[in-house]
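All remarks here apply to the structure that follows.
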Amino acid sequence: MDLLHAGILGIVEGLTEFLPISSTGHLILTSELLGIPQDTFHKTFEVVIQLGSILAVLFVFWEKLSKNSLNLWVKLCIGFLPAGTFGFLFYSYIKALFAPITVSIMLIIGGIAFIALEIFHKEKESPIQNIEKITYKQALWIGFFQALAMIPGTSRSGATIVGGLLLGCTRKVATEFSFLLALPAMVVASAYSLYKSHAAIDFENLFALGVGFVMAFLSALVAIKLFLNFITRFNFIPFGIYRILLGIVFLFYLDIL
């Protein structure tokens with residue numbers, strides 16, 4: 001992988017990681033357009049550069065994390081358990097799903113789910129108005145929604161936000177918890193992916209990882225702040241429409257439709 005491609009993928013990762021549109025899906029589709037083969041290193045690259053996005057979360061939410069450190073971290077760890085368990089047990093099967101056709105279908109399904117949720121969900125009825133009110137049980141249930149996002153194209157943030165909304169969180173609370181829940185999930189996923197694929201990483205590839213990491217961090221900073229501002233004014237229907245349209249476009253691109 002050359003440095004230009006690494007930089008482009010880093011930007012795509014950072015801009016899409018915390019939006020409910022599937023960063024992994026966009027990375028796979030972008031790689032398809034750029035003609036980058038889905039080899040062992042590339043799949044590891046896609047996971048590891050997420051750490052750049054994670055660093056952006058720490059940067060933005062450091063005050064909230066430090067003020068609610070123990071209680072909040074326990075909830076995040078509980079929320080991580082379902083994805084961590086399924087990821088460990090079915091790692092090889094999940095990797096096999098990393099394909100454009102899977103992404104396209106899941107983008108469409110997720111988009112329909114978002115639109116349907118917004119039609120029927122009434123935020124005025126949401127009893128959880130701040131992140132501290134999320135219970136341990138609710139954190140675990142949101143974690144099960146996060147586990148669904150191991151299917152590429154589903155969107156980790158999208159799945160956890162939907163879970164939060166269904167459990168009674170406001171859009172803002174569901175989104176913030178989704179951002180923070182990414183911390184243990186991505187750190188463990190990146191470490192495990194490096195462990196499983198370290199033989200595919202040589203000295204030259206380290207530069208590509210570095211470029212992707214930095215670009216993911218910088219673009220994620222922008223995306224997080226813009227998205228938090230967006231959800232205070234609008235709902236998630238635009239993201240649902242975007243997902244459906246993008247999925248259909250790529251089904252045509254892949255000659256499926």
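Each chain in the structure tokens gets a letter, A, B and so on, in the order shown; residues start at 1 in every chain, and ligands are counted from 1 in the order they appear.
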Find the residues near Thr30 (chain A): any atom within 10 Å, counting only C-alpha atoms, skip ones fewer than 6 places away on the same chain, and give them as a VMD selection string. chain A and resid 5 8 to 9 12 24 36 100
Please save all heavy atoms of the selected residues as a tab-separated table (two decimals), in the first residue's frame.
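Contents of the output file out13.tsv:
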chain	number	residue	atom	x	y	z
A	5	HIS	N	-2.57	6.23	-0.81
A	5	HIS	CA	-3.73	5.40	-0.50
A	5	HIS	C	-3.95	5.30	1.01
A	5	HIS	O	-5.08	5.32	1.49
A	5	HIS	CB	-3.55	4.01	-1.09
A	5	HIS	CG	-3.72	3.96	-2.57
A	5	HIS	ND1	-3.35	2.88	-3.34
A	5	HIS	CD2	-4.25	4.87	-3.43
A	5	HIS	CE1	-3.64	3.12	-4.60
A	5	HIS	NE2	-4.18	4.32	-4.68
A	8	ILE	N	-5.59	8.53	2.15
A	8	ILE	CA	-7.00	8.60	1.74
A	8	ILE	C	-7.85	7.71	2.65
A	8	ILE	O	-8.91	8.12	3.14
A	8	ILE	CB	-7.15	8.16	0.27
A	8	ILE	CG1	-6.51	9.19	-0.65
A	8	ILE	CG2	-8.63	7.98	-0.07
A	8	ILE	CD1	-6.47	8.77	-2.11
A	9	LEU	N	-7.38	6.49	2.89
A	9	LEU	CA	-8.14	5.58	3.74
A	9	LEU	C	-8.21	6.09	5.18
A	9	LEU	O	-9.22	5.90	5.86
A	9	LEU	CB	-7.50	4.18	3.71
A	9	LEU	CG	-7.61	3.44	2.38
A	9	LEU	CD1	-6.86	2.11	2.44
A	9	LEU	CD2	-9.07	3.20	2.00
A	12	VAL	N	-10.94	8.71	5.23
A	12	VAL	CA	-12.24	8.04	5.15
A	12	VAL	C	-12.61	7.43	6.50
A	12	VAL	O	-13.74	7.56	6.98
A	12	VAL	CB	-12.23	6.96	4.05
A	12	VAL	CG1	-13.51	6.12	4.11
A	12	VAL	CG2	-12.10	7.60	2.68
A	24	THR	N	-16.05	0.82	8.35
A	24	THR	CA	-15.47	-0.37	7.72
A	24	THR	C	-16.03	-0.54	6.31
A	24	THR	O	-15.29	-0.85	5.36
A	24	THR	CB	-15.77	-1.63	8.55
A	24	THR	OG1	-15.22	-1.46	9.85
A	24	THR	CG2	-15.14	-2.86	7.90
A	36	ILE	N	-7.28	-1.45	-4.39
A	36	ILE	CA	-6.39	-1.99	-3.37
A	36	ILE	C	-6.89	-3.38	-2.98
A	36	ILE	O	-8.03	-3.54	-2.55
A	36	ILE	CB	-6.37	-1.09	-2.11
A	36	ILE	CG1	-5.97	0.34	-2.49
A	36	ILE	CG2	-5.40	-1.64	-1.07
A	36	ILE	CD1	-6.09	1.32	-1.33
A	100	PRO	N	-17.36	-6.18	-0.60
A	100	PRO	CA	-18.24	-5.09	-1.04
A	100	PRO	C	-19.71	-5.48	-1.08
A	100	PRO	O	-20.58	-4.66	-0.76
A	100	PRO	CB	-17.71	-4.76	-2.44
A	100	PRO	CG	-16.26	-5.13	-2.38
A	100	PRO	CD	-16.22	-6.37	-1.52
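Distance annotation: of A:Gly210, A:Gly79, A:Gly240, A:Gly110, the residue with the minimal separation from Thr154 (chain A) is A:Gly110; atom set is only C-alpha atoms.
Minimum atom-to-atom distances from A:Val173, A:Leu181, A:Val103, A:Leu251 to Ser157 (chain A) were compared using only C-alpha atoms, and the lowest value belongs to A:Leu181.
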Mind checking which residues fall within 9 Å of Gly143 (chain A), counting only C-alpha atoms, ignoring those fewer than 3 positions away in the same chain, and posting them as a PDB file with N, CA and C atoms, in the first residue's frame?
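That gives us out_6.pdb:
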ATOM      1  N   LEU A  76     -18.630   0.976  30.256  1.00  0.00           N
ATOM      2  CA  LEU A  76     -18.036   0.772  28.935  1.00  0.00           C
ATOM      3  C   LEU A  76     -17.461  -0.641  28.802  1.00  0.00           C
ATOM      4  N   ILE A  78     -18.528  -3.282  30.466  1.00  0.00           N
ATOM      5  CA  ILE A  78     -19.679  -4.188  30.384  1.00  0.00           C
ATOM      6  C   ILE A  78     -20.253  -4.163  28.965  1.00  0.00           C
ATOM      7  N   GLY A  79     -20.353  -2.970  28.397  1.00  0.00           N
ATOM      8  CA  GLY A  79     -20.873  -2.837  27.045  1.00  0.00           C
ATOM      9  C   GLY A  79     -19.978  -3.498  26.002  1.00  0.00           C
ATOM     10  N   PHE A  80     -18.698  -3.618  26.307  1.00  0.00           N
ATOM     11  CA  PHE A  80     -17.756  -4.234  25.371  1.00  0.00           C
ATOM     12  C   PHE A  80     -17.860  -5.762  25.356  1.00  0.00           C
ATOM     13  N   LEU A  81     -18.345  -6.364  26.444  1.00  0.00           N
ATOM     14  CA  LEU A  81     -18.316  -7.823  26.596  1.00  0.00           C
ATOM     15  C   LEU A  81     -18.950  -8.599  25.430  1.00  0.00           C
ATOM     16  N   PRO A  82     -20.162  -8.242  24.955  1.00  0.00           N
ATOM     17  CA  PRO A  82     -20.741  -9.034  23.862  1.00  0.00           C
ATOM     18  C   PRO A  82     -19.875  -9.038  22.600  1.00  0.00           C
ATOM     19  N   ALA A  83     -19.437  -7.849  22.167  1.00  0.00           N
ATOM     20  CA  ALA A  83     -18.610  -7.780  20.958  1.00  0.00           C
ATOM     21  C   ALA A  83     -17.275  -8.478  21.169  1.00  0.00           C
ATOM     22  N   GLN A 138     -28.473  -1.676  30.876  1.00  0.00           N
ATOM     23  CA  GLN A 138     -28.662  -1.016  29.588  1.00  0.00           C
ATOM     24  C   GLN A 138     -27.352  -0.960  28.808  1.00  0.00           C
ATOM     25  N   ALA A 139     -26.248  -0.761  29.515  1.00  0.00           N
ATOM     26  CA  ALA A 139     -24.935  -0.762  28.863  1.00  0.00           C
ATOM     27  C   ALA A 139     -24.663  -2.110  28.206  1.00  0.00           C
ATOM     28  N   LEU A 140     -25.050  -3.192  28.887  1.00  0.00           N
ATOM     29  CA  LEU A 140     -24.860  -4.529  28.326  1.00  0.00           C
ATOM     30  C   LEU A 140     -25.713  -4.723  27.082  1.00  0.00           C
ATOM     31  N   GLN A 146     -23.892  -3.423  19.617  1.00  0.00           N
ATOM     32  CA  GLN A 146     -22.562  -3.192  19.054  1.00  0.00           C
ATOM     33  C   GLN A 146     -22.022  -4.471  18.407  1.00  0.00           C
ATOM     34  N   ALA A 147     -22.317  -5.616  18.990  1.00  0.00           N
ATOM     35  CA  ALA A 147     -21.849  -6.886  18.441  1.00  0.00           C
ATOM     36  C   ALA A 147     -22.392  -7.124  17.034  1.00  0.00           C
ATOM     37  N   LEU A 148     -23.594  -6.614  16.762  1.00  0.00           N
ATOM     38  CA  LEU A 148     -24.163  -6.768  15.425  1.00  0.00           C
ATOM     39  C   LEU A 148     -23.300  -6.083  14.373  1.00  0.00           C
ATOM     40  N   THR A 160     -25.058   0.933  17.854  1.00  0.00           N
ATOM     41  CA  THR A 160     -25.118   1.305  19.272  1.00  0.00           C
ATOM     42  C   THR A 160     -26.041   2.501  19.504  1.00  0.00           C
ATOM     43  N   GLY A 163     -29.472   1.085  19.464  1.00  0.00           N
ATOM     44  CA  GLY A 163     -29.689   0.415  20.741  1.00  0.00           C
ATOM     45  C   GLY A 163     -29.982   1.387  21.856  1.00  0.00           C
ATOM     46  N   LEU A 181     -18.118   4.025  23.881  1.00  0.00           N
ATOM     47  CA  LEU A 181     -18.093   2.565  23.849  1.00  0.00           C
ATOM     48  C   LEU A 181     -17.105   2.050  22.805  1.00  0.00           C
TER      49      LEU A 181
END
Write down as number ranges by chain the residues belonging to region 14-213 of chain A that are assigned alpha helix (DSSP H) by DSSP computed on the backbone. A: 14-16, 23-34, 40-48, 50-67, 69-89, 91-96, 100-120, 136-148, 156-166, 171-197, 203-213
One decimal, in Å: what's the spacing between CA of Phe90 (chain A) and CA of Phe179 (chain A)?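 Interatomic distance, CA of Phe90 (chain A) to CA of Phe179 (chain A): 24.0 Å.
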Would you mind listing what lies within 12 Å of Glu32 (chain A) as JSON, numbers by chain, with only C-alpha atoms counted and same-chain residues fewer than 2 positions away left out? {"A": [5, 9, 25, 26, 27, 28, 29, 30, 34, 35, 36, 37, 38, 42, 98, 99, 100, 101, 103, 250, 253, 254]}
Limited to N, CA and C atoms, could you put the picked residues into a file as a short mmCIF file (atom, residue, chain, number, x, y, z; two decimals), in the first residue's frame?
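Ended up saving to again19.cif:
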data_model
loop_
_atom_site.label_atom_id
_atom_site.label_comp_id
_atom_site.auth_asym_id
_atom_site.auth_seq_id
_atom_site.Cartn_x
_atom_site.Cartn_y
_atom_site.Cartn_z
N HIS A 5 -2.57 6.23 -0.81
CA HIS A 5 -3.73 5.40 -0.50
C HIS A 5 -3.95 5.30 1.01
N LEU A 9 -7.38 6.49 2.89
CA LEU A 9 -8.14 5.58 3.74
C LEU A 9 -8.21 6.09 5.18
N GLY A 25 -17.33 -0.33 6.19
CA GLY A 25 -17.95 -0.43 4.87
C GLY A 25 -17.36 0.58 3.90
N HIS A 26 -17.18 1.80 4.34
CA HIS A 26 -16.62 2.82 3.46
C HIS A 26 -15.17 2.53 3.10
N LEU A 27 -14.42 1.97 4.06
CA LEU A 27 -13.03 1.59 3.77
C LEU A 27 -12.98 0.50 2.70
N ILE A 28 -13.86 -0.49 2.82
CA ILE A 28 -13.88 -1.57 1.85
C ILE A 28 -14.29 -1.06 0.47
N LEU A 29 -15.31 -0.22 0.44
CA LEU A 29 -15.78 0.32 -0.83
C LEU A 29 -14.74 1.26 -1.45
N THR A 30 -14.08 2.08 -0.62
CA THR A 30 -13.03 2.97 -1.12
C THR A 30 -11.87 2.16 -1.67
N LEU A 34 -10.24 2.20 -5.40
CA LEU A 34 -8.81 2.49 -5.60
C LEU A 34 -8.04 1.29 -6.13
N GLY A 35 -8.70 0.14 -6.18
CA GLY A 35 -8.04 -1.05 -6.67
C GLY A 35 -7.05 -1.66 -5.69
N ILE A 36 -7.28 -1.45 -4.39
CA ILE A 36 -6.39 -1.99 -3.37
C ILE A 36 -6.89 -3.38 -2.98
N PRO A 37 -6.06 -4.40 -3.12
CA PRO A 37 -6.50 -5.76 -2.79
C PRO A 37 -6.74 -5.95 -1.30
N GLN A 38 -7.72 -6.77 -0.97
CA GLN A 38 -8.04 -7.05 0.43
C GLN A 38 -7.15 -8.18 0.95
N HIS A 42 -3.84 -5.35 4.48
CA HIS A 42 -4.85 -4.32 4.29
C HIS A 42 -5.99 -4.46 5.29
N PHE A 98 -15.74 -9.49 5.01
CA PHE A 98 -15.26 -8.20 4.55
C PHE A 98 -15.24 -8.16 3.03
N ALA A 99 -16.41 -7.91 2.44
CA ALA A 99 -16.54 -7.89 0.98
C ALA A 99 -17.54 -6.81 0.59
N PRO A 100 -17.36 -6.18 -0.60
CA PRO A 100 -18.24 -5.09 -1.04
C PRO A 100 -19.71 -5.48 -1.08
N ILE A 101 -20.03 -6.71 -1.49
CA ILE A 101 -21.43 -7.12 -1.59
C ILE A 101 -22.08 -7.13 -0.21
N VAL A 103 -21.18 -5.33 2.39
CA VAL A 103 -21.29 -3.93 2.80
C VAL A 103 -22.51 -3.27 2.17
N PHE A 250 -23.51 1.01 -5.19
CA PHE A 250 -22.47 0.00 -5.25
C PHE A 250 -23.00 -1.36 -5.73
N TYR A 253 -22.63 -0.87 -9.26
CA TYR A 253 -21.20 -0.89 -9.58
C TYR A 253 -20.67 -2.32 -9.63
N LEU A 254 -21.18 -3.16 -8.75
CA LEU A 254 -20.74 -4.56 -8.68
C LEU A 254 -21.52 -5.45 -9.64
#
Give me, please, the distance in Å between CA of Ile105 (chain A) and CA of Ile241 (chain A), quoted to one decimal. 13.8 Å
Tell me which protein, DNA and RNA residues are within 10 Å of Lys64 (chain A), counting only C-alpha atoms, leaving out same-chain ones fewer than 5 positions away, and put them as JSON, numbers by chain. {"A": [58, 69, 72, 131, 180]}
Written selection (all heavy atoms) as a JSON list (two decimals), in the first residue's frame:
[["chain", "number", "residue", "atom", "x", "y", "z"],
["A", 58, "LEU", "N", -10.74, 10.36, 22.89],
["A", 58, "LEU", "CA", -10.11, 10.72, 24.17],
["A", 58, "LEU", "C", -9.87, 12.22, 24.25],
["A", 58, "LEU", "O", -10.06, 12.83, 25.31],
["A", 58, "LEU", "CB", -8.79, 9.97, 24.32],
["A", 58, "LEU", "CG", -8.88, 8.47, 24.61],
["A", 58, "LEU", "CD1", -7.50, 7.84, 24.55],
["A", 58, "LEU", "CD2", -9.51, 8.21, 25.96],
["A", 69, "SER", "N", -14.88, 8.71, 35.86],
["A", 69, "SER", "CA", -13.94, 7.67, 35.44],
["A", 69, "SER", "C", -14.37, 6.25, 35.80],
["A", 69, "SER", "O", -14.59, 5.43, 34.90],
["A", 69, "SER", "CB", -12.56, 7.95, 36.03],
["A", 69, "SER", "OG", -12.64, 8.07, 37.45],
["A", 72, "LEU", "N", -18.26, 5.17, 34.79],
["A", 72, "LEU", "CA", -18.44, 5.17, 33.34],
["A", 72, "LEU", "C", -17.58, 4.09, 32.69],
["A", 72, "LEU", "O", -18.04, 3.39, 31.78],
["A", 72, "LEU", "CB", -18.09, 6.55, 32.77],
["A", 72, "LEU", "CG", -18.26, 6.72, 31.26],
["A", 72, "LEU", "CD1", -19.68, 6.36, 30.83],
["A", 72, "LEU", "CD2", -17.91, 8.15, 30.84],
["A", 131, "ILE", "N", -25.73, 10.85, 30.20],
["A", 131, "ILE", "CA", -25.02, 9.57, 30.08],
["A", 131, "ILE", "C", -24.86, 8.86, 31.42],
["A", 131, "ILE", "O", -24.77, 7.63, 31.48],
["A", 131, "ILE", "CB", -23.64, 9.81, 29.41],
["A", 131, "ILE", "CG1", -23.13, 8.52, 28.78],
["A", 131, "ILE", "CG2", -22.64, 10.37, 30.39],
["A", 131, "ILE", "CD1", -21.95, 8.73, 27.88],
["A", 180, "LEU", "N", -18.01, 6.71, 23.17],
["A", 180, "LEU", "CA", -17.16, 6.23, 24.27],
["A", 180, "LEU", "C", -17.05, 4.72, 24.27],
["A", 180, "LEU", "O", -16.00, 4.16, 24.62],
["A", 180, "LEU", "CB", -17.72, 6.73, 25.61],
["A", 180, "LEU", "CG", -17.71, 8.25, 25.78],
["A", 180, "LEU", "CD1", -18.42, 8.64, 27.08],
["A", 180, "LEU", "CD2", -16.28, 8.78, 25.79]]
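Shortest atom-to-atom contact with Leu15 (chain A) among A:Leu221, A:Leu166, A:Leu228, A:Leu257: A:Leu221, counting only C-alpha atoms.
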Pick the closest to Ala116 (chain A) from A:Thr232, A:Met186, A:Val162, A:Glu204: which is it, counting only C-alpha atoms? A:Val162
With distances taken over only C-alpha atoms, which residue among A:Ile119, A:Leu206, A:Ile109, A:Leu97 lies nearest Ile244 (chain A)?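 Closest to Ile244 (chain A), using only C-alpha atoms: A:Ile109.
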Residue contacts of Tyr195 (chain A) (12 Å, only C-alpha atoms) excluding same-chain residues fewer than 6 positions away, as a ChimeraX atom specification: /A:41,44,47-48,188-189,201
